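Novice: Below is model-v2.cif; it holds mmCIF, C-alpha atoms (C1' of nucleotides).
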```
data_run
#
loop_
_atom_site.label_atom_id
_atom_site.label_comp_id
_atom_site.auth_asym_id
_atom_site.auth_seq_id
_atom_site.Cartn_x
_atom_site.Cartn_y
_atom_site.Cartn_z
CA MET A 1 97.10 19.16 -275.77
CA SER A 2 99.32 16.38 -277.05
CA VAL A 3 103.08 16.36 -276.84
CA THR A 4 103.25 16.13 -280.61
CA VAL A 5 101.24 19.30 -281.09
CA ILE A 6 103.40 21.19 -278.62
CA THR A 7 106.52 20.06 -280.40
CA ARG A 8 105.18 21.26 -283.74
CA LEU A 9 104.04 24.59 -282.37
CA THR A 10 107.10 25.53 -280.43
CA GLY A 11 109.86 23.54 -281.94
CA MET A 12 111.01 22.54 -278.46
CA ALA A 13 112.01 19.12 -277.25
CA ARG A 14 109.71 16.15 -277.59
CA TRP A 15 108.88 16.40 -273.93
CA GLU A 16 107.49 19.45 -272.27
CA PRO A 17 110.16 20.86 -269.96
CA GLY A 18 109.68 21.40 -266.27
CA THR A 19 108.08 18.03 -265.71
CA ARG A 20 109.25 17.92 -262.09
CA GLU A 21 107.86 21.34 -261.34
CA ARG A 22 104.50 20.54 -262.91
CA LEU A 23 104.28 17.33 -260.93
CA GLN A 24 105.10 19.24 -257.75
CA ALA A 25 102.44 21.86 -258.39
CA ALA A 26 99.82 19.25 -259.23
CA ALA A 27 100.73 17.26 -256.11
CA MET A 28 100.34 20.30 -253.86
CA ASP A 29 96.92 21.06 -255.33
CA LEU A 30 95.71 17.49 -254.97
CA TYR A 31 97.16 16.97 -251.50
CA LEU A 32 95.41 20.17 -250.42
CA SER A 33 92.05 19.28 -251.90
CA ARG A 34 91.86 15.51 -251.38
CA GLY A 35 94.48 15.02 -248.71
CA PHE A 36 97.78 13.18 -249.03
CA GLU A 37 96.38 9.71 -248.51
CA GLY A 38 93.38 10.37 -250.69
CA THR A 39 95.66 11.13 -253.60
CA THR A 40 97.36 8.37 -255.58
CA ALA A 41 100.56 8.75 -257.52
CA ALA A 42 98.53 7.96 -260.62
CA ASP A 43 96.22 10.90 -259.85
CA ILE A 44 99.14 13.29 -259.80
CA ALA A 45 100.69 11.91 -262.95
CA GLN A 46 97.38 12.00 -264.76
CA ALA A 47 96.86 15.63 -263.77
CA VAL A 48 99.88 16.56 -265.88
CA GLY A 49 99.30 14.00 -268.63
CA LEU A 50 101.85 11.43 -267.55
CA THR A 51 101.75 7.91 -266.19
CA GLU A 52 102.30 6.71 -262.65
CA ARG A 53 105.56 5.07 -263.72
CA THR A 54 106.93 8.41 -264.85
CA PHE A 55 106.02 10.00 -261.54
CA PHE A 56 108.26 7.48 -259.81
CA ARG A 57 111.07 8.21 -262.21
CA HIS A 58 111.14 11.77 -260.91
CA PHE A 59 110.42 11.17 -257.25
CA ALA A 60 111.49 8.24 -255.14
CA ASP A 61 108.16 8.26 -253.36
CA LYS A 62 104.90 10.12 -252.92
CA ARG A 63 106.29 12.29 -250.12
CA GLU A 64 109.39 13.46 -251.86
CA VAL A 65 107.40 15.51 -254.34
CA LEU A 66 106.77 18.11 -251.62
CA PHE A 67 110.43 18.54 -250.77
CA GLY A 68 112.07 19.63 -253.99
CA GLY A 69 114.33 22.67 -253.97
CA GLN A 70 115.60 22.24 -250.42
CA GLU A 71 119.15 22.01 -251.74
CA LEU A 72 119.14 25.76 -252.29
CA LEU A 73 118.22 26.39 -248.69
CA VAL A 74 120.94 24.05 -247.48
CA GLN A 75 123.43 25.82 -249.71
CA ALA A 76 122.41 29.17 -248.23
CA PHE A 77 123.18 27.88 -244.76
CA LEU A 78 126.57 26.62 -245.91
CA ASP A 79 127.36 29.86 -247.69
CA GLY A 80 126.45 31.68 -244.51
CA VAL A 81 128.97 29.66 -242.54
CA ALA A 82 131.63 30.40 -245.13
CA ALA A 83 130.77 34.10 -245.01
CA ALA A 84 131.47 34.44 -241.29
CA GLY A 85 134.64 36.30 -240.37
CA PRO A 86 137.94 34.44 -240.11
CA HIS A 87 137.93 34.51 -236.30
CA ALA A 88 134.21 33.94 -235.84
CA SER A 89 133.01 31.85 -232.91
CA PRO A 90 130.65 28.90 -233.56
CA LEU A 91 127.78 31.08 -232.39
CA GLU A 92 128.74 33.76 -234.88
CA MET A 93 128.97 31.17 -237.64
CA ILE A 94 125.45 29.93 -237.09
CA GLU A 95 124.25 33.51 -236.78
CA SER A 96 125.69 34.14 -240.22
CA ALA A 97 124.20 30.91 -241.57
CA LEU A 98 120.76 31.79 -240.22
CA SER A 99 120.92 35.25 -241.76
CA ALA A 100 121.82 33.81 -245.12
CA ALA A 101 118.99 31.29 -244.96
CA ALA A 102 116.48 33.92 -243.94
CA THR A 103 116.72 35.65 -247.32
CA PHE A 104 114.63 32.83 -248.78
CA PHE A 105 111.58 33.68 -246.78
CA THR A 106 110.20 36.80 -248.35
CA ALA A 107 106.70 38.16 -247.90
CA GLU A 108 105.65 36.73 -251.29
CA ARG A 109 106.63 33.25 -250.19
CA ARG A 110 104.65 33.31 -246.99
CA ASP A 111 101.38 32.13 -248.49
CA HIS A 112 102.94 29.26 -250.35
CA SER A 113 104.75 28.21 -247.19
CA ARG A 114 101.49 28.31 -245.28
CA ARG A 115 99.65 26.12 -247.75
CA ARG A 116 102.49 23.64 -247.85
CA GLN A 117 102.55 23.46 -244.08
CA VAL A 118 98.82 22.79 -243.94
CA VAL A 119 99.42 19.66 -246.01
CA ILE A 120 102.40 18.53 -243.96
CA SER A 121 100.74 19.18 -240.61
CA ALA A 122 97.83 17.01 -241.63
CA ASN A 123 99.98 13.94 -242.18
CA PRO A 124 102.51 12.17 -239.95
CA ALA A 125 104.19 10.50 -242.90
CA LEU A 126 104.97 13.92 -244.34
CA GLN A 127 106.16 15.17 -240.97
CA GLU A 128 108.59 12.28 -240.84
CA ARG A 129 110.03 13.26 -244.19
CA GLU A 130 110.30 16.88 -243.12
CA LEU A 131 112.17 15.84 -239.99
CA LEU A 132 114.55 13.77 -242.10
CA LYS A 133 115.26 16.79 -244.27
CA SER A 134 115.93 18.90 -241.19
CA ALA A 135 118.28 16.25 -239.86
CA ALA A 136 120.13 16.21 -243.17
CA LEU A 137 120.42 19.98 -243.02
CA ALA A 138 121.82 19.81 -239.51
CA ALA A 139 124.33 17.19 -240.60
CA SER A 140 125.54 19.32 -243.52
CA LEU A 141 125.77 22.35 -241.30
CA ALA A 142 127.72 20.47 -238.65
CA SER A 143 130.10 19.28 -241.32
CA ALA A 144 130.63 22.84 -242.55
CA LEU A 145 131.35 24.01 -239.02
CA ARG A 146 133.85 21.20 -238.51
CA SER A 147 135.63 22.13 -241.70
CA ARG A 148 136.00 25.59 -240.20
CA GLY A 149 137.71 24.13 -237.17
CA VAL A 150 134.83 23.73 -234.76
CA PRO A 151 135.39 20.56 -232.72
CA GLY A 152 133.11 17.57 -233.34
CA SER A 153 130.43 17.62 -230.70
CA THR A 154 130.34 21.41 -230.50
CA ALA A 155 129.73 21.48 -234.24
CA THR A 156 126.84 19.06 -233.88
CA LEU A 157 125.32 21.02 -231.01
CA ALA A 158 125.70 24.32 -232.83
CA ALA A 159 124.21 22.91 -236.03
CA GLU A 160 121.24 21.33 -234.26
CA SER A 161 120.65 24.53 -232.34
CA ALA A 162 120.67 26.52 -235.54
CA VAL A 163 118.11 24.20 -237.09
CA THR A 164 115.99 24.49 -233.96
CA VAL A 165 116.09 28.27 -234.14
CA PHE A 166 115.24 28.10 -237.81
CA GLY A 167 112.31 25.77 -237.17
CA VAL A 168 110.84 27.87 -234.38
CA THR A 169 111.26 30.93 -236.55
CA PHE A 170 109.54 29.30 -239.49
CA SER A 171 106.51 28.16 -237.55
CA THR A 172 106.18 31.58 -235.96
CA TRP A 173 106.50 33.24 -239.34
CA ILE A 174 103.63 31.27 -240.87
CA ALA A 175 101.31 31.76 -237.90
CA ALA A 176 98.06 33.38 -238.98
CA ASP A 177 98.48 36.66 -237.13
CA GLU A 178 102.22 37.13 -237.51
CA GLN A 179 103.37 40.40 -239.08
CA ARG A 180 107.13 40.57 -238.48
CA SER A 181 109.60 39.60 -241.18
CA PHE A 182 111.45 36.30 -241.08
CA PRO A 183 114.83 37.84 -240.20
CA ALA A 184 113.29 39.92 -237.43
CA ILE A 185 111.67 36.89 -235.84
CA GLN A 186 114.81 34.84 -236.21
CA ARG A 187 117.01 37.38 -234.44
CA GLU A 188 114.55 37.37 -231.57
CA VAL A 189 114.45 33.56 -231.35
CA LEU A 190 118.22 33.30 -231.40
CA ARG A 191 118.45 35.85 -228.59
CA GLU A 192 115.94 33.81 -226.63
CA LEU A 193 118.05 30.67 -227.02
CA VAL A 194 121.16 32.46 -225.81
CA ALA A 195 119.24 33.81 -222.83
CA LEU A 196 118.02 30.33 -222.03
CA ALA A 197 121.56 29.00 -221.81
CA ASP A 198 122.52 31.95 -219.65
CA GLY A 199 120.28 30.31 -217.11
CA ALA A 200 118.14 33.32 -216.36
CA ARG A 201 115.07 32.51 -214.38
CA MET B 1 106.71 -25.24 -227.78
CA SER B 2 103.11 -24.93 -228.90
CA VAL B 3 100.58 -22.57 -227.45
CA THR B 4 98.40 -25.47 -226.44
CA VAL B 5 101.15 -27.11 -224.45
CA ILE B 6 101.95 -23.92 -222.62
CA THR B 7 98.30 -23.37 -221.84
CA ARG B 8 97.99 -26.85 -220.44
CA LEU B 9 101.17 -26.54 -218.44
CA THR B 10 100.56 -23.16 -216.91
CA GLY B 11 96.83 -22.71 -217.02
CA MET B 12 97.30 -19.20 -218.31
CA ALA B 13 95.38 -17.43 -221.03
CA ARG B 14 94.80 -19.01 -224.41
CA TRP B 15 97.66 -17.13 -226.02
CA GLU B 16 101.25 -16.97 -224.94
CA PRO B 17 101.78 -13.69 -223.18
CA GLY B 18 104.33 -11.17 -224.32
CA THR B 19 103.36 -11.45 -227.95
CA ARG B 20 104.48 -7.88 -228.60
CA GLU B 21 107.81 -8.49 -226.94
CA ARG B 22 108.42 -11.70 -228.88
CA LEU B 23 107.56 -9.96 -232.14
CA GLN B 24 109.93 -7.15 -231.24
CA ALA B 25 112.75 -9.53 -230.46
CA ALA B 26 112.20 -11.52 -233.65
CA ALA B 27 112.08 -8.31 -235.69
CA MET B 28 115.39 -7.10 -234.24
CA ASP B 29 117.05 -10.41 -235.07
CA LEU B 30 115.72 -10.48 -238.61
CA TYR B 31 116.39 -6.83 -239.32
CA LEU B 32 119.94 -7.38 -238.13
CA SER B 33 120.57 -10.49 -240.20
CA ARG B 34 118.61 -9.80 -243.41
CA GLY B 35 118.21 -6.06 -243.20
CA PHE B 36 114.99 -4.11 -242.71
CA GLU B 37 113.90 -4.19 -246.33
CA GLY B 38 114.90 -7.79 -246.76
CA THR B 39 112.50 -8.77 -244.01
CA THR B 40 108.76 -8.97 -244.57
CA ALA B 41 106.14 -8.60 -241.90
CA ALA B 42 105.18 -12.19 -242.66
CA ASP B 43 108.75 -13.32 -241.90
CA ILE B 44 108.58 -11.76 -238.46
CA ALA B 45 105.17 -13.16 -237.69
CA GLN B 46 106.19 -16.60 -238.86
CA ALA B 47 109.28 -16.55 -236.65
CA VAL B 48 106.96 -16.34 -233.66
CA GLY B 49 104.33 -18.69 -235.06
CA LEU B 50 101.79 -16.03 -235.92
CA THR B 51 100.26 -14.67 -239.11
CA GLU B 52 101.07 -11.43 -240.89
CA ARG B 53 97.63 -10.15 -239.94
CA THR B 54 98.45 -10.57 -236.27
CA PHE B 55 101.67 -8.62 -236.68
CA PHE B 56 99.72 -5.64 -237.99
CA ARG B 57 97.27 -5.90 -235.11
CA HIS B 58 100.12 -5.23 -232.71
CA PHE B 59 102.08 -2.69 -234.73
CA ALA B 60 100.75 -0.04 -237.07
CA ASP B 61 103.60 -0.68 -239.47
CA LYS B 62 106.88 -2.49 -239.98
CA ARG B 63 108.91 0.30 -238.41
CA GLU B 64 106.93 0.71 -235.26
CA VAL B 65 108.04 -2.68 -233.98
CA LEU B 66 111.44 -1.17 -233.15
CA PHE B 67 110.03 1.67 -231.10
CA GLY B 68 108.06 0.06 -228.33
CA GLY B 69 108.64 1.15 -224.76
CA GLN B 70 109.51 4.75 -225.52
CA GLU B 71 106.61 5.91 -223.36
CA LEU B 72 108.63 5.10 -220.26
CA LEU B 73 111.48 7.29 -221.44
CA VAL B 74 109.10 10.16 -222.18
CA GLN B 75 107.59 9.78 -218.74
CA ALA B 76 111.03 9.95 -217.16
CA PHE B 77 111.64 13.29 -218.88
CA LEU B 78 108.30 14.60 -217.66
CA ASP B 79 108.89 13.38 -214.13
CA GLY B 80 112.26 15.10 -214.23
CA VAL B 81 110.61 18.40 -215.09
CA ALA B 82 108.17 17.96 -212.24
CA ALA B 83 111.00 17.14 -209.87
CA ALA B 84 112.82 20.43 -210.45
CA GLY B 85 112.65 22.89 -207.58
CA PRO B 86 109.74 25.33 -207.34
CA HIS B 87 111.82 28.28 -208.51
CA ALA B 88 113.85 26.43 -211.10
CA SER B 89 114.82 28.19 -214.33
CA PRO B 90 114.00 26.53 -217.68
CA LEU B 91 117.62 25.44 -217.90
CA GLU B 92 117.40 23.83 -214.49
CA MET B 93 114.18 22.08 -215.48
CA ILE B 94 115.73 20.45 -218.51
CA GLU B 95 118.79 19.60 -216.47
CA SER B 96 116.51 17.73 -214.10
CA ALA B 97 114.65 16.09 -216.98
CA LEU B 98 117.89 14.94 -218.58
CA SER B 99 119.12 13.47 -215.30
CA ALA B 100 115.91 11.55 -214.87
CA ALA B 101 116.06 10.19 -218.41
CA ALA B 102 119.69 9.17 -218.02
CA THR B 103 118.80 6.51 -215.46
CA PHE B 104 117.48 4.36 -218.31
CA PHE B 105 120.84 3.96 -219.94
CA THR B 106 122.71 1.58 -217.75
CA ALA B 107 125.82 -0.36 -218.72
CA GLU B 108 123.76 -3.51 -219.32
CA ARG B 109 121.64 -1.71 -221.86
CA ARG B 110 124.51 -0.42 -223.91
CA ASP B 111 124.90 -3.48 -226.11
CA HIS B 112 121.22 -3.69 -226.91
CA SER B 113 121.21 0.01 -227.76
CA ARG B 114 124.16 -0.50 -230.05
CA ARG B 115 122.55 -3.36 -231.97
CA ARG B 116 119.34 -1.44 -232.32
CA GLN B 117 121.19 1.59 -233.64
CA VAL B 118 123.01 -0.50 -236.24
CA VAL B 119 119.64 -1.44 -237.68
CA ILE B 120 118.29 2.10 -237.61
CA SER B 121 121.42 3.66 -239.07
CA ALA B 122 121.23 1.31 -242.02
CA ASN B 123 117.80 2.49 -243.06
CA PRO B 124 116.42 5.98 -243.77
CA ALA B 125 112.86 4.84 -243.23
CA LEU B 126 113.74 3.84 -239.68
CA GLN B 127 115.61 7.09 -239.14
CA GLU B 128 112.48 8.96 -240.12
CA ARG B 129 110.49 7.11 -237.51
CA GLU B 130 113.13 7.74 -234.88
CA LEU B 131 113.07 11.45 -235.68
CA LEU B 132 109.30 11.49 -235.35
CA LYS B 133 109.60 9.92 -231.91
CA SER B 134 112.17 12.52 -230.92
CA ALA B 135 109.89 15.27 -232.14
CA ALA B 136 107.03 13.84 -230.10
CA LEU B 137 109.27 13.74 -227.06
CA ALA B 138 110.26 17.37 -227.58
CA ALA B 139 106.61 18.34 -227.91
CA SER B 140 105.66 16.58 -224.67
CA LEU B 141 108.58 18.13 -222.91
CA ALA B 142 107.72 21.60 -224.18
CA SER B 143 104.20 21.12 -222.95
CA ALA B 144 105.44 20.13 -219.50
CA LEU B 145 107.63 23.20 -219.36
CA ARG B 146 104.74 25.42 -220.35
CA SER B 147 102.59 23.94 -217.65
CA ARG B 148 105.32 24.99 -215.22
CA GLY B 149 105.05 28.56 -216.42
CA VAL B 150 107.75 28.70 -219.08
CA PRO B 151 106.56 30.98 -221.88
CA GLY B 152 105.68 29.38 -225.23
CA SER B 153 108.67 29.79 -227.50
CA THR B 154 111.18 29.49 -224.66
CA ALA B 155 109.58 26.20 -223.72
CA THR B 156 109.93 24.94 -227.27
CA LEU B 157 113.54 26.04 -227.50
CA ALA B 158 114.40 24.51 -224.13
CA ALA B 159 112.68 21.24 -225.00
CA GLU B 160 114.35 20.95 -228.39
CA SER B 161 117.70 21.76 -226.85
CA ALA B 162 117.20 19.06 -224.24
CA VAL B 163 116.40 16.51 -226.92
CA THR B 164 119.48 17.62 -228.85
CA VAL B 165 121.67 17.16 -225.78
CA PHE B 166 120.08 13.79 -225.19
CA GLY B 167 120.69 12.72 -228.79
CA VAL B 168 124.32 13.78 -228.84
CA THR B 169 124.82 12.04 -225.53
CA PHE B 170 123.23 8.85 -226.78
CA SER B 171 125.30 8.62 -229.92
CA THR B 172 128.47 9.33 -227.94
CA TRP B 173 127.50 6.70 -225.39
CA ILE B 174 127.11 3.95 -227.98
CA ALA B 175 130.34 4.79 -229.81
CA ALA B 176 132.66 1.79 -229.95
CA ASP B 177 135.43 3.16 -227.78
CA GLU B 178 133.36 5.11 -225.27
CA GLN B 179 133.86 4.25 -221.60
CA ARG B 180 132.12 7.01 -219.64
CA SER B 181 128.64 6.50 -218.19
CA PHE B 182 125.60 8.06 -219.80
CA PRO B 183 125.05 10.67 -217.06
CA ALA B 184 128.71 11.68 -217.16
CA ILE B 185 128.63 12.23 -220.91
CA GLN B 186 125.36 14.08 -220.69
CA ARG B 187 126.59 16.56 -218.10
CA GLU B 188 129.54 17.28 -220.34
CA VAL B 189 127.37 17.79 -223.43
CA LEU B 190 125.02 20.11 -221.59
CA ARG B 191 127.96 22.17 -220.37
CA GLU B 192 129.20 22.36 -223.95
CA LEU B 193 125.84 23.69 -225.14
CA VAL B 194 125.82 26.37 -222.47
CA ALA B 195 129.36 27.37 -223.39
CA LEU B 196 128.34 27.60 -227.04
CA ALA B 197 125.62 30.13 -226.23
CA ASP B 198 128.07 32.08 -224.12
CA GLY B 199 129.69 32.85 -227.43
CA ALA B 200 133.19 31.79 -226.46
CA ARG B 201 135.55 31.54 -229.34
"C1'" DG C 1 90.76 -14.26 -241.56
"C1'" DT C 2 90.16 -12.82 -246.49
"C1'" DC C 3 90.22 -9.47 -249.99
"C1'" DT C 4 91.87 -5.46 -252.21
"C1'" DA C 5 93.95 -0.91 -253.37
"C1'" DT C 6 98.15 1.20 -253.66
"C1'" DA C 7 103.17 1.94 -253.29
"C1'" DG C 8 107.05 1.13 -255.35
"C1'" DT C 9 110.47 -1.81 -258.42
"C1'" DG C 10 112.44 -4.20 -262.55
"C1'" DC C 11 112.77 -4.60 -267.20
"C1'" DG C 12 111.91 -4.13 -272.00
"C1'" DA C 13 110.10 -1.24 -275.80
"C1'" DT C 14 109.55 3.22 -278.04
"C1'" DA C 15 110.81 7.41 -279.97
"C1'" DG C 16 112.72 11.81 -280.42
"C1'" DA C 17 117.32 14.60 -279.71
"C1'" DC C 18 121.97 14.75 -280.79
"C1'" DG D 1 124.76 5.10 -283.60
"C1'" DT D 2 124.02 7.01 -278.15
"C1'" DC D 3 121.26 9.26 -274.67
"C1'" DT D 4 117.21 10.12 -272.20
"C1'" DA D 5 112.26 10.61 -271.13
"C1'" DT D 6 108.43 8.11 -271.37
"C1'" DC D 7 105.26 4.10 -271.43
"C1'" DG D 8 103.49 -0.54 -270.35
"C1'" DC D 9 103.44 -4.54 -268.04
"C1'" DA D 10 104.32 -7.80 -264.41
"C1'" DC D 11 105.35 -8.21 -259.86
"C1'" DT D 12 105.85 -8.01 -254.50
"C1'" DA D 13 104.72 -6.21 -250.03
"C1'" DT D 14 102.31 -3.08 -247.22
"C1'" DA D 15 98.45 -1.78 -244.98
"C1'" DG D 16 93.68 -1.09 -244.47
"C1'" DA D 17 88.84 -2.45 -245.38
"C1'" DC D 18 85.43 -5.73 -245.06
#
```
So that I can check it, write out the structure of this file as structure tokens.
Specialist:
Amino acid sequence: MSVTVITRLTGMARWEPGTRERLQAAAMDLYLSRGFEGTTAADIAQAVGLTERTFFRHFADKREVLFGGQELLVQAFLDGVAAAGPHASPLEMIESALSAAATFFTAERRDHSRRRQVVISANPALQERELLKSAALAASLASALRSRGVPGSTATLAAESAVTVFGVTFSTWIAADEQRSFPAIQREVLRELVALADGAR
Amino acid sequence: MSVTVITRLTGMARWEPGTRERLQAAAMDLYLSRGFEGTTAADIAQAVGLTERTFFRHFADKREVLFGGQELLVQAFLDGVAAAGPHASPLEMIESALSAAATFFTAERRDHSRRRQVVISANPALQERELLKSAALAASLASALRSRGVPGSTATLAAESAVTVFGVTFSTWIAADEQRSFPAIQREVLRELVALADGAR
DNA sequence: GTCTATAGTGCGATAGAC
DNA sequence: GTCTATCGCACTATAGAC
């Protein structure tokens, strides 16, 4: 269906809205079926009736298309830090941040997360990008902790630890046989980390 | 000096040895002076009297040239795990691993590490690669811990925490005004992580 | 060693929305 | 008129295939 027809029918803008989202969905489908490297940017663009050049207007590169919407997750972490009590310890702040972030990972989302992870796990280039996103999250989180008075290196350690807990939780959550909810797993993982530092053998 | 001359003079193999090392050195110089993106693979190859094609025979991509020799560091971590006492706790195992790894970072190495980090910090693509290497290190370490009887998720958490401590230590160590030795900083950072989990406020 | 597909960029043109 | 999404074309460099 041409853009012109759509415009006439609906009276909406010249361009169909949600271009980014449609590109993201098409990319996921193609990456799943043909693999990341077997899919060209032109393939994705064509799948939604656009040109390669337009794809690169929306996404800096072929990987980025899988990582849209992370800003909301980052914001949840930051809100969680802000929500911690006025005399909270760093550990309590990251506990609060992790709880806030966990609300994203509902039962309905689990399948989508699994499919996405299949694509990422199959390709080192995508893993690199995912690691960069995690590092950016840790940096934001550390900054939020510092602005709440946590000293520099402690803030970094706490933030990185939180991201580690989150990561372990996520990969447990998407495991094939896992039944527990995201928050339940996360509480358990955090407890395990604390126990580790306690030095129990 | 041409390859032929060297061959005649020394009677060694047809090609100058240490090709990888010379490419790595040339890449560092060029990345520092012109920037990573302002340097082509052909530039690097040419600087050592080789062709672009030869560069890609030695390194899978333009980034990889900065990450040679990491295997030795990984091995040091693994040896450190093995060196921990027979009844060591996971925390003691990573303590031992961190100590073993620290021996790499002598005073003489500090300047080289600093220059290298300038290049990496200036480019997200290089940061991605560095993060992938760190993730690989964490995975190897986790595997070593598991083979010493540490249960799955605890091993992952311990390994990731060790890599976090190592990373914080490294960036502190290369800071402009830092005087302490690598092992001294690292002991401090590890203590800080333990204190964090103790929940002190 | 050569050849080629693809990623990604720069720039100008178009065309509707406002 | 301005703004913005899109297209089209030319171009370089990477990286892999042959």
Novice: May I have the residues at most 12 Å from (124.8, 31.9, -224.3) in the file's coordinates, counting all atoms listed in the file, as a list in words?
Specialist: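 Every residue inside that radius is included here: Ser89, Pro90, Leu91, Glu92, Ala158, Ser161, Leu190, Arg191, Glu192, Leu193, Val194, Ala195, Leu196, Ala197, Asp198, Gly199 and Ala200 of chain A; Leu91, Arg191, Glu192, Leu193, Val194, Ala195, Leu196, Ala197, Asp198, Gly199, Ala200 and Arg201 of chain B.
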Novice: Could you tell me, as a list in words, exactly which residues end up selected when the PyMOL selection byres ((chain A) within 10 of (chain C)) is applied to this structure?
Specialist: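 On this input, the PyMOL selection byres ((chain A) within 10 of (chain C)) captures Ala13, Arg14, Trp15, Thr40, Ala41, Ala42, Arg53, Phe56, Ala60, Asp61 and Lys62 of chain A.
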Novice: Between atom CA of B:Ala84 and atom CA of B:Val150, what distance in Å does the model show, to one decimal?
Specialist: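 Taking atom CA of B:Ala84 and atom CA of B:Val150, their separation equals 13.0 Å.
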Novice: I'd like to see the residues matched by the PyMOL selection byres ((chain D and resi 6) around 8) on this file, and ideally I'd get them as a list of chain:residue names.
Specialist: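 Those residues are A:Thr54, D:DA5, D:DC7.
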Novice: Only C-alpha atoms (C1' of nucleotides), please: the residues just picked out, written as a short mmCIF file (atom, residue, chain, number, x, y, z; two decimals), in the coordinates of the input.
Specialist:
```cif
data_model
loop_
_atom_site.label_atom_id
_atom_site.label_comp_id
_atom_site.auth_asym_id
_atom_site.auth_seq_id
_atom_site.Cartn_x
_atom_site.Cartn_y
_atom_site.Cartn_z
CA THR A 54 106.93 8.41 -264.85
"C1'" DA D 5 112.26 10.61 -271.13
"C1'" DC D 7 105.26 4.10 -271.43
#
```
Novice: Show me, as a list in words, every residue of chain D with an atom at most 9 Å from chain B, counting all atoms listed in the file.
Specialist: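 The answer, sorted by residue number, is DA13, DT14 and DA15 of chain D.
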Novice: Using all atoms listed in the file, find the one residue out of A:Gly68, A:Glu95, A:Ala138, A:Glu108 that sits nearest to B:Thr164.
Specialist: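 Among the listed residues, A:Ala138 lies closest to B:Thr164.
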